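Written out below as structure tokens is the structure these notes cover.
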Amino acid sequence: MAYSGVLKTLIRSSYLGSTTRNFSLVSSQISNHTAKWMQDSSKKSPMELINEVPPIKVEGRIVACEGDNNPALGHPIEFICLDLKEPAVCKYCGLRYVQEHHH
Ligand SMILES: [Zn+2]
């Protein structure tokens, strides 16, 4: 129980310190960042945003895309053939895949 005592001391000292001003400074920086992000997203379409994600390198000719590592968040498995030289795009989630060639 010595640990919880230390924790309480830390909380109390942070209340006593002049952290209030620092905290408001941080929150204003966050809102500035959000404003910039909102500005950027209004200029770019979702397709442009996904084009900024680098293609995923895959060993082999076929990749099975589920959209997300968690099947609950993803989409039905899409098997994508990587025979083309250009990156192959998943029709469900827009992720791009390229075949990694070994030299
Ligand atoms: Zn996908």
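Chain labels run A, B, ... following the order of the structure tokens; each chain numbers its residues from 1, and ligands are numbered from 1 in the order shown.
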Please produce, as a Markdown table, a per-residue contact table for chain A versus ligand 1 (criterion: any atom at most 9 Å away, only C-alpha atoms and all ligand atoms considered), showing the nearest atom pair and its distance in Å to one decimal, sorted by chain then residue number.
| residue | atom | partner | partner_atom_place_in_ligand_line | distance |
| --- | --- | --- | --- | --- |
| A:Ala64 | CA | ligand 1 | 1 (Zn) | 8.1 |
| A:Cys65 | CA | ligand 1 | 1 (Zn) | 4.5 |
| A:Glu66 | CA | ligand 1 | 1 (Zn) | 5.0 |
| A:Gly67 | CA | ligand 1 | 1 (Zn) | 3.8 |
| A:Asp68 | CA | ligand 1 | 1 (Zn) | 7.5 |
| A:Gly74 | CA | ligand 1 | 1 (Zn) | 7.4 |
| A:His75 | CA | ligand 1 | 1 (Zn) | 6.6 |
| A:Pro76 | CA | ligand 1 | 1 (Zn) | 8.2 |
| A:Ile77 | CA | ligand 1 | 1 (Zn) | 7.5 |
| A:Glu78 | CA | ligand 1 | 1 (Zn) | 6.5 |
| A:Phe79 | CA | ligand 1 | 1 (Zn) | 8.9 |
| A:Val89 | CA | ligand 1 | 1 (Zn) | 7.9 |
| A:Cys90 | CA | ligand 1 | 1 (Zn) | 4.6 |
| A:Lys91 | CA | ligand 1 | 1 (Zn) | 6.6 |
| A:Tyr92 | CA | ligand 1 | 1 (Zn) | 5.0 |
| A:Cys93 | CA | ligand 1 | 1 (Zn) | 4.2 |
| A:Gly94 | CA | ligand 1 | 1 (Zn) | 6.2 |
| A:Leu95 | CA | ligand 1 | 1 (Zn) | 5.7 |
| A:Arg96 | CA | ligand 1 | 1 (Zn) | 8.4 |
